[in-house]
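A.B. asks: The following file, work_24.pdb, comprises PDB, C-alpha atoms:
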```
ATOM      1  CA  MET A  23     164.320 -23.691 -26.361
ATOM      2  CA  ARG A  24     164.903 -19.982 -26.812
ATOM      3  CA  LEU A  25     162.762 -19.930 -29.959
ATOM      4  CA  THR A  26     159.889 -21.628 -28.115
ATOM      5  CA  THR A  27     160.156 -19.114 -25.254
ATOM      6  CA  ASN A  28     160.085 -16.208 -27.710
ATOM      7  CA  ILE A  29     157.078 -17.644 -29.505
ATOM      8  CA  VAL A  30     155.254 -18.036 -26.181
ATOM      9  CA  TRP A  31     156.072 -14.412 -25.220
ATOM     10  CA  VAL A  32     154.924 -13.098 -28.583
ATOM     11  CA  PHE A  33     151.724 -15.143 -28.337
ATOM     12  CA  LEU A  34     151.046 -13.851 -24.810
ATOM     13  CA  PHE A  35     151.770 -10.266 -25.860
ATOM     14  CA  LEU A  36     149.425 -10.502 -28.859
ATOM     15  CA  SER A  37     146.738 -12.179 -26.748
ATOM     16  CA  VAL A  38     146.859  -9.372 -24.181
ATOM     17  CA  LEU A  39     146.955  -6.736 -26.897
ATOM     18  CA  PHE A  40     143.965  -8.106 -28.798
ATOM     19  CA  SER A  41     141.945  -8.900 -25.709
ATOM     20  CA  CYS A  42     142.333  -5.303 -24.505
ATOM     21  CA  ASN A  43     141.268  -3.910 -27.859
ATOM     22  CA  ASN A  44     138.284  -6.223 -28.151
ATOM     23  CA  GLY A  45     137.203  -5.323 -24.642
ATOM     24  CA  ASN A  46     137.007  -1.651 -25.551
ATOM     25  CA  ASP A  47     135.517  -2.070 -29.024
ATOM     26  CA  TYR A  48     132.056  -2.646 -27.641
ATOM     27  CA  ARG A  49     132.164   0.735 -25.868
ATOM     28  CA  MET A  50     133.029   2.351 -29.174
ATOM     29  CA  TYR A  51     129.965   0.685 -30.729
ATOM     30  CA  LEU A  52     127.749   1.741 -27.813
ATOM     31  CA  ASN A  53     128.982   5.333 -28.086
ATOM     32  CA  LYS A  54     128.453   5.323 -31.847
ATOM     33  CA  ALA A  55     124.938   3.936 -31.431
ATOM     34  CA  GLU A  56     124.086   6.701 -28.934
ATOM     35  CA  GLU A  57     125.381   9.345 -31.343
ATOM     36  CA  LEU A  58     123.378   7.972 -34.273
ATOM     37  CA  LEU A  59     120.164   7.043 -32.453
ATOM     38  CA  GLU A  60     118.095  10.199 -32.977
ATOM     39  CA  GLU A  61     118.892  10.923 -36.617
ATOM     40  CA  PHE A  62     119.931   7.524 -37.965
ATOM     41  CA  PRO A  63     118.390   4.793 -35.787
ATOM     42  CA  ASP A  64     118.968   2.115 -38.416
ATOM     43  CA  SER A  65     122.702   2.887 -38.380
ATOM     44  CA  ALA A  66     122.638   2.832 -34.579
ATOM     45  CA  LEU A  67     121.191  -0.669 -34.701
ATOM     46  CA  LYS A  68     123.875  -1.757 -37.171
ATOM     47  CA  SER A  69     126.504  -0.451 -34.789
ATOM     48  CA  LEU A  70     124.957  -2.506 -31.983
ATOM     49  CA  ASP A  71     125.013  -5.588 -34.226
ATOM     50  CA  TYR A  72     128.816  -5.529 -34.027
ATOM     51  CA  ILE A  73     128.554  -6.471 -30.358
ATOM     52  CA  VAL A  74     128.545 -10.226 -30.785
ATOM     53  CA  SER A  75     127.789 -11.332 -27.206
ATOM     54  CA  PRO A  76     125.951  -8.558 -25.357
ATOM     55  CA  GLU A  77     125.231 -10.922 -22.448
ATOM     56  CA  LEU A  78     128.972 -10.870 -21.662
ATOM     57  CA  LEU A  79     129.027  -7.090 -21.185
ATOM     58  CA  SER A  80     129.275  -5.542 -17.749
ATOM     59  CA  GLU A  81     125.904  -4.972 -16.082
ATOM     60  CA  LYS A  82     126.009  -1.237 -16.778
ATOM     61  CA  ASP A  83     126.962  -1.689 -20.444
ATOM     62  CA  PHE A  84     124.382  -4.450 -20.934
ATOM     63  CA  HIS A  85     121.676  -2.122 -19.607
ATOM     64  CA  ARG A  86     122.887   0.600 -21.948
ATOM     65  CA  TYR A  87     122.927  -1.854 -24.866
ATOM     66  CA  THR A  88     119.398  -3.088 -24.078
ATOM     67  CA  LEU A  89     117.961   0.425 -23.894
ATOM     68  CA  LEU A  90     119.657   1.499 -27.134
ATOM     69  CA  GLN A  91     118.419  -1.665 -28.870
ATOM     70  CA  VAL A  92     114.794  -1.042 -27.854
ATOM     71  CA  GLN A  93     114.953   2.661 -28.744
ATOM     72  CA  GLY A  94     116.495   1.913 -32.138
ATOM     73  CA  LYS A  95     113.938  -0.761 -32.946
ATOM     74  CA  HIS A  96     111.075   1.531 -31.928
ATOM     75  CA  LYS A  97     112.400   4.444 -33.975
ATOM     76  CA  THR A  98     112.704   2.183 -37.029
ATOM     77  CA  ARG A  99     109.166   0.902 -36.473
ATOM     78  CA  ARG A 100     110.224  -2.659 -35.698
ATOM     79  CA  ASP A 101     108.302  -4.873 -33.324
ATOM     80  CA  ILE A 102     109.389  -4.413 -29.703
ATOM     81  CA  SER A 103     106.509  -6.282 -28.060
ATOM     82  CA  LYS A 104     108.842  -9.133 -27.051
ATOM     83  CA  ASP A 105     111.713  -6.946 -25.811
ATOM     84  CA  THR A 106     110.756  -7.458 -22.183
ATOM     85  CA  THR A 107     114.409  -7.613 -21.098
ATOM     86  CA  LEU A 108     114.016  -3.869 -20.704
ATOM     87  CA  PHE A 109     111.670  -4.501 -17.757
ATOM     88  CA  LYS A 110     114.623  -5.785 -15.722
ATOM     89  CA  LEU A 111     116.219  -2.339 -15.999
ATOM     90  CA  ARG A 112     113.387  -0.568 -14.208
ATOM     91  CA  GLY A 113     114.631   0.751 -10.925
ATOM     92  CA  TYR A 114     118.318   0.336 -11.874
ATOM     93  CA  TYR A 115     118.706   3.982 -12.887
ATOM     94  CA  ASP A 116     116.185   5.546 -10.466
ATOM     95  CA  LYS A 117     118.857   7.110  -8.251
ATOM     96  CA  SER A 118     121.923   7.179 -10.477
ATOM     97  CA  ASP A 119     120.389   8.559 -13.695
ATOM     98  CA  PRO A 120     116.746   9.695 -13.398
ATOM     99  CA  GLU A 121     116.567  10.735 -17.052
ATOM    100  CA  LYS A 122     117.499   7.225 -18.217
ATOM    101  CA  ALA A 123     115.052   5.830 -15.655
ATOM    102  CA  ALA A 124     112.283   7.909 -17.217
ATOM    103  CA  ILE A 125     113.260   6.732 -20.693
ATOM    104  CA  ILE A 126     113.147   3.115 -19.503
ATOM    105  CA  TYR A 127     109.691   3.609 -17.981
ATOM    106  CA  LEU A 128     108.584   5.330 -21.177
ATOM    107  CA  TYR A 129     109.757   2.475 -23.404
ATOM    108  CA  SER A 130     108.372  -0.100 -20.960
ATOM    109  CA  GLY A 131     105.035   1.604 -21.580
ATOM    110  CA  VAL A 132     105.629   1.425 -25.328
ATOM    111  CA  ILE A 133     106.263  -2.320 -25.042
ATOM    112  CA  TYR A 134     103.078  -2.811 -23.023
ATOM    113  CA  LYS A 135     101.162  -0.752 -25.576
ATOM    114  CA  ALA A 136     102.538  -2.958 -28.374
ATOM    115  CA  GLN A 137     101.196  -5.943 -26.399
ATOM    116  CA  ASP A 138      97.778  -4.191 -26.156
ATOM    117  CA  GLU A 139      98.202  -3.897 -22.368
ATOM    118  CA  TYR A 140      96.959  -0.296 -22.198
ATOM    119  CA  GLU A 141      96.591  -0.051 -18.408
ATOM    120  CA  ASP A 142     100.167  -1.250 -17.851
ATOM    121  CA  ALA A 143     101.381   1.126 -20.549
ATOM    122  CA  LEU A 144      99.647   4.063 -18.893
ATOM    123  CA  THR A 145     101.018   3.067 -15.476
ATOM    124  CA  HIS A 146     104.565   3.153 -16.848
ATOM    125  CA  TYR A 147     104.048   6.424 -18.704
ATOM    126  CA  LEU A 148     102.689   7.998 -15.535
ATOM    127  CA  ASN A 149     105.533   6.532 -13.487
ATOM    128  CA  THR A 150     107.806   9.070 -15.165
ATOM    129  CA  GLU A 151     105.980  11.900 -13.352
ATOM    130  CA  ARG A 152     107.911  11.211 -10.142
ATOM    131  CA  LEU A 153     111.102  11.931 -12.080
ATOM    132  CA  ASP A 154     109.654  15.072 -13.666
ATOM    133  CA  LYS A 155     112.046  17.548 -12.047
ATOM    134  CA  TYR A 156     115.037  15.800 -13.667
ATOM    135  CA  LEU A 157     113.652  15.757 -17.216
ATOM    136  CA  ASP A 158     114.160  18.251 -19.995
ATOM    137  CA  SER A 159     111.225  19.732 -21.894
ATOM    138  CA  ASN A 160     111.723  17.502 -24.938
ATOM    139  CA  LEU A 161     111.428  14.318 -22.903
ATOM    140  CA  LYS A 162     108.418  15.693 -20.999
ATOM    141  CA  ALA A 163     106.750  16.515 -24.310
ATOM    142  CA  LYS A 164     107.513  13.034 -25.645
ATOM    143  CA  ILE A 165     105.953  11.436 -22.559
ATOM    144  CA  GLN A 166     102.845  13.604 -22.863
ATOM    145  CA  HIS A 167     102.632  12.719 -26.549
ATOM    146  CA  PHE A 168     102.714   8.994 -25.770
ATOM    147  CA  ILE A 169     100.043   9.398 -23.071
ATOM    148  CA  GLY A 170      97.826  11.437 -25.409
ATOM    149  CA  ASN A 171      98.335   8.905 -28.183
ATOM    150  CA  LEU A 172      97.410   6.065 -25.840
ATOM    151  CA  PHE A 173      94.165   7.774 -24.844
ATOM    152  CA  PHE A 174      93.433   8.534 -28.482
ATOM    153  CA  GLN A 175      93.871   4.884 -29.411
ATOM    154  CA  LYS A 176      91.561   3.894 -26.582
ATOM    155  CA  ARG A 177      89.168   6.538 -27.944
ATOM    156  CA  ASP A 178      89.131   8.463 -24.673
ATOM    157  CA  ILE A 179      89.098  11.786 -26.504
ATOM    158  CA  SER A 180      88.603  13.998 -23.438
ATOM    159  CA  GLU A 181      91.758  12.601 -21.792
ATOM    160  CA  SER A 182      93.623  12.774 -25.092
ATOM    161  CA  LYS A 183      92.835  16.492 -25.450
ATOM    162  CA  LYS A 184      94.055  17.182 -21.904
ATOM    163  CA  ASN A 185      97.412  15.580 -22.678
ATOM    164  CA  VAL A 186      97.722  17.317 -26.041
ATOM    165  CA  LEU A 187      97.030  20.645 -24.331
ATOM    166  CA  SER A 188      99.602  19.819 -21.649
ATOM    167  CA  TRP A 189     102.111  18.957 -24.370
ATOM    168  CA  HIS A 190     101.261  22.209 -26.145
ATOM    169  CA  TRP A 191     102.036  24.232 -22.999
ATOM    170  CA  ILE A 192     105.335  22.424 -22.526
ATOM    171  CA  ILE A 193     106.376  23.443 -26.046
ATOM    172  CA  ILE A 194     105.311  27.049 -25.457
ATOM    173  CA  SER A 195     107.263  27.096 -22.177
ATOM    174  CA  TYR A 196     110.296  25.647 -23.895
ATOM    175  CA  MET A 197     110.111  28.262 -26.670
ATOM    176  CA  GLU A 198     109.894  31.012 -24.029
ATOM    177  CA  ILE A 199     113.036  29.672 -22.386
ATOM    178  CA  LEU A 200     114.842  29.760 -25.742
ATOM    179  CA  LYS A 201     113.930  33.448 -26.169
ATOM    180  CA  MET A 202     115.707  34.333 -22.912
TER     181      MET A 202
END
```
Mind converting the file's structure to structure tokens?

C.D. replies:
Amino acid sequence: MRLTTNIVWVFLFLSVLFSCNNGNDYRMYLNKAEELLEEFPDSALKSLDYIVSPELLSEKDFHRYTLLQVQGKHKTRRDISKDTTLFKLRGYYDKSDPEKAAIIYLYSGVIYKAQDEYEDALTHYLNTERLDKYLDSNLKAKIQHFIGNLFFQKRDISESKKNVLSWHWIIISYMEILKM
């Protein structure tokens, strides 16, 4: 009887111990993916692959996972035209994290562009303008680049030049700030 009770206690202790560790492992993988995303997007995606059931994550962590997945796939030139799960995140970060909201609108535009839905892509790129005061110069430049590239692909050269010039001035402004 005592042996059975001890075995049950050991089993319960190990179950609690391993369930706690497994619950936090996914955050480690999310953090690692964020660290690696800019320089090593393929490694970031591999880190995300260790999360076996992303649908079981908390809402906040699932949104983070989804955004990192789309960004990593885009940076490694993989097809993201079917990654419309990102669309469900629009509006989620508008008040809590405007920078992430802008990134979500930006990548929503990228998805629409991959689907050859240029008007929807432009709408989402331009939707980031309302969040402009919260964005750093690098993200503003990236948004302007995507808009200019979209116009270039549509062969609207006059609009493309406007956005390239706007992007150029953002870089000059940013370099002036660095001199200070």

A.B. asks: Give the answer as one residue: which of A:Leu108, A:Thr88, A:Ser118, A:Leu148 has the shortest atom-to-atom distance to Gln166 (chain A), using all atoms listed in the file?

C.D. replies: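 Selected residue with least distance to Gln166 (chain A): A:Leu148.
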
A.B. asks: Fewer than 6 positions away in the same chain doesn't count, so skip those; otherwise give me all residues within 10 Å of region 90-103 of chain A, counting only C-alpha atoms, as an mmCIF file with C-alpha atoms, in the frame of the given file.

C.D. replies:
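This is the output file result_10.cif:
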```cif
data_model
loop_
_atom_site.group_PDB
_atom_site.id
_atom_site.type_symbol
_atom_site.label_atom_id
_atom_site.label_comp_id
_atom_site.auth_asym_id
_atom_site.auth_seq_id
_atom_site.Cartn_x
_atom_site.Cartn_y
_atom_site.Cartn_z
ATOM 1 C CA LEU A 52 127.749 1.741 -27.813
ATOM 2 C CA ALA A 55 124.938 3.936 -31.431
ATOM 3 C CA GLU A 56 124.086 6.701 -28.934
ATOM 4 C CA LEU A 58 123.378 7.972 -34.273
ATOM 5 C CA LEU A 59 120.164 7.043 -32.453
ATOM 6 C CA GLU A 60 118.095 10.199 -32.977
ATOM 7 C CA GLU A 61 118.892 10.923 -36.617
ATOM 8 C CA PHE A 62 119.931 7.524 -37.965
ATOM 9 C CA PRO A 63 118.390 4.793 -35.787
ATOM 10 C CA ASP A 64 118.968 2.115 -38.416
ATOM 11 C CA SER A 65 122.702 2.887 -38.380
ATOM 12 C CA ALA A 66 122.638 2.832 -34.579
ATOM 13 C CA LEU A 67 121.191 -0.669 -34.701
ATOM 14 C CA LYS A 68 123.875 -1.757 -37.171
ATOM 15 C CA LEU A 70 124.957 -2.506 -31.983
ATOM 16 C CA ASP A 71 125.013 -5.588 -34.226
ATOM 17 C CA PHE A 84 124.382 -4.450 -20.934
ATOM 18 C CA ILE A 125 113.260 6.732 -20.693
ATOM 19 C CA ILE A 126 113.147 3.115 -19.503
ATOM 20 C CA TYR A 129 109.757 2.475 -23.404
ATOM 21 C CA SER A 130 108.372 -0.100 -20.960
ATOM 22 C CA VAL A 132 105.629 1.425 -25.328
ATOM 23 C CA ILE A 133 106.263 -2.320 -25.042
ATOM 24 C CA TYR A 134 103.078 -2.811 -23.023
ATOM 25 C CA LYS A 135 101.162 -0.752 -25.576
ATOM 26 C CA ALA A 136 102.538 -2.958 -28.374
ATOM 27 C CA GLN A 137 101.196 -5.943 -26.399
ATOM 28 C CA ASP A 138 97.778 -4.191 -26.156
#
```

A.B. asks: To one decimal place in Å, what is the distance between CA of Pro120 (chain A) and CA of Leu79 (chain A)?

C.D. replies: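 Computing the Euclidean distance for CA of Pro120 (chain A) and CA of Leu79 (chain A) yields 22.2 Å.
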
A.B. asks: Can you work out the spacing between CA of Asp154 (chain A) and CA of His85 (chain A) in Å, to one decimal?

C.D. replies: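 Result for CA of Asp154 (chain A) versus CA of His85 (chain A): 21.8 Å, one decimal.
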
A.B. asks: Calculate how many Å separate CA of Tyr87 (chain A) from CA of Phe168 (chain A), rounding to one decimal.

C.D. replies: 23.0 Å

A.B. asks: So, with all atoms listed in the file as the atoms that count, which of A:Lys176, A:Asp119, A:Leu111, A:Leu128 lies closest to Tyr156 (chain A)?

C.D. replies: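 Counting all atoms listed in the file, the residue closest to Tyr156 (chain A) is A:Asp119.
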
A.B. asks: Identify all residues satisfying the PyMOL selection byres ((chain A and resi 48) around 9) in the given file; provide them as a list in words.

C.D. replies: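 Evaluating the PyMOL selection byres ((chain A and resi 48) around 9) on this file yields Asn44, Gly45, Asn46, Asp47, Arg49, Met50, Tyr51, Leu52, Asn53, Leu70, Tyr72, Ile73, Val74, Pro76, Leu79 and Asp83 of chain A.
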
A.B. asks: From the list A:Ala123, A:Leu172, A:Asp116, A:Ser69, which residue is nearest Glu139 (chain A) when using all atoms listed in the file?

C.D. replies: A:Leu172

A.B. asks: Counting all atoms listed in the file, which residue out of A:Thr106, A:Lys122, A:Gly113, A:His146 sits closest to Arg86 (chain A)?

C.D. replies: A:Lys122

A.B. asks: Excluding Glu121 (chain A) and residues on its chain fewer than 6 positions from it, collect all residues at most 9 Å away from it, counting only C-alpha atoms, and give them as a list in words.

C.D. replies: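 So, after excluding close chain neighbours, the residues are Tyr115, Leu153, Asp154, Tyr156, Leu157, Asp158 and Leu161 of chain A.
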
A.B. asks: Would you fill the gaps in region 64-99 of chain A so it has N, CA and C atoms, then print it as a PDB file, in the coordinates of the input?

C.D. replies:
```
ATOM      1  N   ASP A  64     118.589   3.362 -37.747  1.00  0.00           N
ATOM      2  CA  ASP A  64     118.968   2.115 -38.416  1.00  0.00           C
ATOM      3  C   ASP A  64     120.478   1.910 -38.360  1.00  0.00           C
ATOM      4  N   SER A  65     121.243   2.978 -38.498  1.00  0.00           N
ATOM      5  CA  SER A  65     122.702   2.887 -38.380  1.00  0.00           C
ATOM      6  C   SER A  65     123.117   2.590 -36.946  1.00  0.00           C
ATOM      7  N   ALA A  66     122.362   3.122 -35.991  1.00  0.00           N
ATOM      8  CA  ALA A  66     122.638   2.832 -34.579  1.00  0.00           C
ATOM      9  C   ALA A  66     122.465   1.341 -34.313  1.00  0.00           C
ATOM     10  N   LEU A  67     121.413   0.766 -34.878  1.00  0.00           N
ATOM     11  CA  LEU A  67     121.191  -0.669 -34.701  1.00  0.00           C
ATOM     12  C   LEU A  67     122.298  -1.495 -35.356  1.00  0.00           C
ATOM     13  N   LYS A  68     122.771  -1.048 -36.511  1.00  0.00           N
ATOM     14  CA  LYS A  68     123.875  -1.757 -37.171  1.00  0.00           C
ATOM     15  C   LYS A  68     125.136  -1.705 -36.322  1.00  0.00           C
ATOM     16  N   SER A  69     125.354  -0.568 -35.680  1.00  0.00           N
ATOM     17  CA  SER A  69     126.504  -0.451 -34.789  1.00  0.00           C
ATOM     18  C   SER A  69     126.379  -1.423 -33.621  1.00  0.00           C
ATOM     19  N   LEU A  70     125.181  -1.564 -33.085  1.00  0.00           N
ATOM     20  CA  LEU A  70     124.957  -2.506 -31.983  1.00  0.00           C
ATOM     21  C   LEU A  70     125.118  -3.952 -32.424  1.00  0.00           C
ATOM     22  N   ASP A  71     124.862  -4.226 -33.707  1.00  0.00           N
ATOM     23  CA  ASP A  71     125.013  -5.588 -34.226  1.00  0.00           C
ATOM     24  C   ASP A  71     126.460  -6.067 -34.173  1.00  0.00           C
ATOM     25  N   TYR A  72     127.408  -5.140 -34.106  1.00  0.00           N
ATOM     26  CA  TYR A  72     128.816  -5.529 -34.027  1.00  0.00           C
ATOM     27  C   TYR A  72     129.176  -6.089 -32.658  1.00  0.00           C
ATOM     28  N   ILE A  73     128.325  -5.895 -31.680  1.00  0.00           N
ATOM     29  CA  ILE A  73     128.554  -6.471 -30.358  1.00  0.00           C
ATOM     30  C   ILE A  73     128.006  -7.891 -30.408  1.00  0.00           C
ATOM     31  N   VAL A  74     128.911  -8.840 -30.509  1.00  0.00           N
ATOM     32  CA  VAL A  74     128.545 -10.226 -30.785  1.00  0.00           C
ATOM     33  C   VAL A  74     127.852 -10.891 -29.593  1.00  0.00           C
ATOM     34  N   SER A  75     128.349 -10.675 -28.394  1.00  0.00           N
ATOM     35  CA  SER A  75     127.789 -11.332 -27.206  1.00  0.00           C
ATOM     36  C   SER A  75     127.434 -10.289 -26.152  1.00  0.00           C
ATOM     37  N   PRO A  76     126.304  -9.616 -26.316  1.00  0.00           N
ATOM     38  CA  PRO A  76     125.951  -8.558 -25.357  1.00  0.00           C
ATOM     39  C   PRO A  76     125.766  -9.078 -23.936  1.00  0.00           C
ATOM     40  N   GLU A  77     125.428 -10.363 -23.784  1.00  0.00           N
ATOM     41  CA  GLU A  77     125.231 -10.922 -22.448  1.00  0.00           C
ATOM     42  C   GLU A  77     126.536 -10.991 -21.658  1.00  0.00           C
ATOM     43  N   LEU A  78     127.677 -10.843 -22.347  1.00  0.00           N
ATOM     44  CA  LEU A  78     128.972 -10.870 -21.662  1.00  0.00           C
ATOM     45  C   LEU A  78     129.445  -9.473 -21.239  1.00  0.00           C
ATOM     46  N   LEU A  79     128.671  -8.448 -21.577  1.00  0.00           N
ATOM     47  CA  LEU A  79     129.027  -7.090 -21.185  1.00  0.00           C
ATOM     48  C   LEU A  79     128.865  -6.913 -19.685  1.00  0.00           C
ATOM     49  N   SER A  80     129.492  -5.870 -19.159  1.00  0.00           N
ATOM     50  CA  SER A  80     129.275  -5.542 -17.749  1.00  0.00           C
ATOM     51  C   SER A  80     127.790  -5.212 -17.562  1.00  0.00           C
ATOM     52  N   GLU A  81     127.325  -5.228 -16.341  1.00  0.00           N
ATOM     53  CA  GLU A  81     125.904  -4.972 -16.082  1.00  0.00           C
ATOM     54  C   GLU A  81     125.491  -3.602 -16.611  1.00  0.00           C
ATOM     55  N   LYS A  82     126.312  -2.606 -16.338  1.00  0.00           N
ATOM     56  CA  LYS A  82     126.009  -1.237 -16.778  1.00  0.00           C
ATOM     57  C   LYS A  82     125.950  -1.149 -18.304  1.00  0.00           C
ATOM     58  N   ASP A  83     126.929  -1.746 -18.979  1.00  0.00           N
ATOM     59  CA  ASP A  83     126.962  -1.689 -20.444  1.00  0.00           C
ATOM     60  C   ASP A  83     125.852  -2.536 -21.069  1.00  0.00           C
ATOM     61  N   PHE A  84     125.491  -3.644 -20.426  1.00  0.00           N
ATOM     62  CA  PHE A  84     124.382  -4.450 -20.934  1.00  0.00           C
ATOM     63  C   PHE A  84     123.071  -3.677 -20.840  1.00  0.00           C
ATOM     64  N   HIS A  85     122.877  -2.950 -19.750  1.00  0.00           N
ATOM     65  CA  HIS A  85     121.676  -2.122 -19.607  1.00  0.00           C
ATOM     66  C   HIS A  85     121.644  -1.043 -20.682  1.00  0.00           C
ATOM     67  N   ARG A  86     122.787  -0.432 -20.904  1.00  0.00           N
ATOM     68  CA  ARG A  86     122.887   0.600 -21.948  1.00  0.00           C
ATOM     69  C   ARG A  86     122.577   0.007 -23.312  1.00  0.00           C
ATOM     70  N   TYR A  87     123.154  -1.150 -23.599  1.00  0.00           N
ATOM     71  CA  TYR A  87     122.927  -1.854 -24.866  1.00  0.00           C
ATOM     72  C   TYR A  87     121.442  -2.161 -25.050  1.00  0.00           C
ATOM     73  N   THR A  88     120.800  -2.702 -24.007  1.00  0.00           N
ATOM     74  CA  THR A  88     119.398  -3.088 -24.078  1.00  0.00           C
ATOM     75  C   THR A  88     118.515  -1.883 -24.378  1.00  0.00           C
ATOM     76  N   LEU A  89     118.762  -0.780 -23.672  1.00  0.00           N
ATOM     77  CA  LEU A  89     117.961   0.425 -23.894  1.00  0.00           C
ATOM     78  C   LEU A  89     118.155   0.960 -25.310  1.00  0.00           C
ATOM     79  N   LEU A  90     119.388   1.019 -25.777  1.00  0.00           N
ATOM     80  CA  LEU A  90     119.657   1.499 -27.134  1.00  0.00           C
ATOM     81  C   LEU A  90     119.002   0.594 -28.180  1.00  0.00           C
ATOM     82  N   GLN A  91     119.020  -0.704 -27.940  1.00  0.00           N
ATOM     83  CA  GLN A  91     118.419  -1.665 -28.870  1.00  0.00           C
ATOM     84  C   GLN A  91     116.911  -1.416 -28.990  1.00  0.00           C
ATOM     85  N   VAL A  92     116.245  -1.260 -27.843  1.00  0.00           N
ATOM     86  CA  VAL A  92     114.794  -1.042 -27.854  1.00  0.00           C
ATOM     87  C   VAL A  92     114.459   0.299 -28.506  1.00  0.00           C
ATOM     88  N   GLN A  93     115.207   1.345 -28.148  1.00  0.00           N
ATOM     89  CA  GLN A  93     114.953   2.661 -28.744  1.00  0.00           C
ATOM     90  C   GLN A  93     115.145   2.622 -30.255  1.00  0.00           C
ATOM     91  N   GLY A  94     116.224   1.993 -30.704  1.00  0.00           N
ATOM     92  CA  GLY A  94     116.495   1.913 -32.138  1.00  0.00           C
ATOM     93  C   GLY A  94     115.419   1.136 -32.882  1.00  0.00           C
ATOM     94  N   LYS A  95     114.989   0.034 -32.305  1.00  0.00           N
ATOM     95  CA  LYS A  95     113.938  -0.761 -32.946  1.00  0.00           C
ATOM     96  C   LYS A  95     112.627   0.022 -33.009  1.00  0.00           C
ATOM     97  N   HIS A  96     112.310   0.744 -31.930  1.00  0.00           N
ATOM     98  CA  HIS A  96     111.075   1.531 -31.928  1.00  0.00           C
ATOM     99  C   HIS A  96     111.134   2.647 -32.960  1.00  0.00           C
ATOM    100  N   LYS A  97     112.264   3.323 -33.042  1.00  0.00           N
ATOM    101  CA  LYS A  97     112.400   4.444 -33.975  1.00  0.00           C
ATOM    102  C   LYS A  97     112.399   3.985 -35.430  1.00  0.00           C
ATOM    103  N   THR A  98     112.744   2.719 -35.660  1.00  0.00           N
ATOM    104  CA  THR A  98     112.704   2.183 -37.029  1.00  0.00           C
ATOM    105  C   THR A  98     111.432   1.377 -37.270  1.00  0.00           C
ATOM    106  N   ARG A  99     110.490   1.524 -36.365  1.00  0.00           N
ATOM    107  CA  ARG A  99     109.166   0.902 -36.473  1.00  0.00           C
ATOM    108  C   ARG A  99     109.213  -0.627 -36.538  1.00  0.00           C
TER     109      ARG A  99
END
```
